[in-house]
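Notes to accompany the following structure.
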Amino acid sequence: MKAKKINVLLVDDNEKFLKSVAERTKLKGFNVFKASSGKQALDIAQRQSIHVAIVDQRMPDMEGLVVITKLKALIPDIQTVLLTGHGDEKLKEASEALNSTY
């Protein structure tokens, strides 16, 4: 029996970074879906079975914590990671309150 591949949703408004991370994630054997906005991420999550989402905090249309909250409402058992280069203790606590890795 073949093992089920894990579907990973990458969400970042930096297209170059998104492409680079997607290529590396695919090389590790994951199915990858890319979104350059929070809205696009939610649209993908409504159409695809997503197991893990890696989400940038700072995006123009929607903050990463908002995206994670909405993803968890759609897919309660989704695993999430919040990425940021501008974090602080308050953001870390908010992320952990959502059961998301910071």
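In the structure tokens, each chain is lettered A, B, ... as it comes, each chain's residues begin at 1, and ligands are numbered from 1 in order of appearance.
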DSSP alpha helix (DSSP H) residues within region 28-77 of chain A, listed as a PyMOL selection string: chain A and resi 38-47+64-74
Who sits within 7 Å of region 23-30 of chain A, only C-alpha atoms, same chain under 6 positions skipped, as a PDB file with N, CA and C atoms, in the first residue's frame:
```
ATOM      1  N   LYS A   5       0.544  11.056   0.572  1.00  0.00           N
ATOM      2  CA  LYS A   5       1.389  12.248   0.608  1.00  0.00           C
ATOM      3  C   LYS A   5       0.735  13.342   1.433  1.00  0.00           C
ATOM      4  N   ILE A   6       1.568  14.106   2.092  1.00  0.00           N
ATOM      5  CA  ILE A   6       1.089  15.221   2.902  1.00  0.00           C
ATOM      6  C   ILE A   6       0.980  16.460   2.031  1.00  0.00           C
ATOM      7  N   ASN A   7      -0.177  17.132   2.118  1.00  0.00           N
ATOM      8  CA  ASN A   7      -0.417  18.363   1.369  1.00  0.00           C
ATOM      9  C   ASN A   7      -0.041  19.562   2.225  1.00  0.00           C
ATOM     10  N   VAL A   8       0.877  20.365   1.711  1.00  0.00           N
ATOM     11  CA  VAL A   8       1.375  21.534   2.421  1.00  0.00           C
ATOM     12  C   VAL A   8       0.941  22.794   1.683  1.00  0.00           C
TER      13      VAL A   8
END
```
Applying 6 Å and only C-alpha atoms, which residues near Asp13 (chain A) remain after dropping the ones on its own chain fewer than 3 positions away? List them as a ChimeraX atom specification. /A:36-37,59
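Nearest-residue note for Asn14 (chain A): choosing from A:Asp56, A:Asp43, A:Ala73, A:Ile50, the minimum distance belongs to A:Asp56, counting only C-alpha atoms.
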Could you check the closest approach to Ala41 (chain A) for each of A:Ile78, A:Ile68, A:Leu83, A:Val11 and tell me which residue wins, using only C-alpha atoms? A:Val11
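Put simply, CA of Lys16 (chain A) is 12.3 Å away from CA of Ala35 (chain A).
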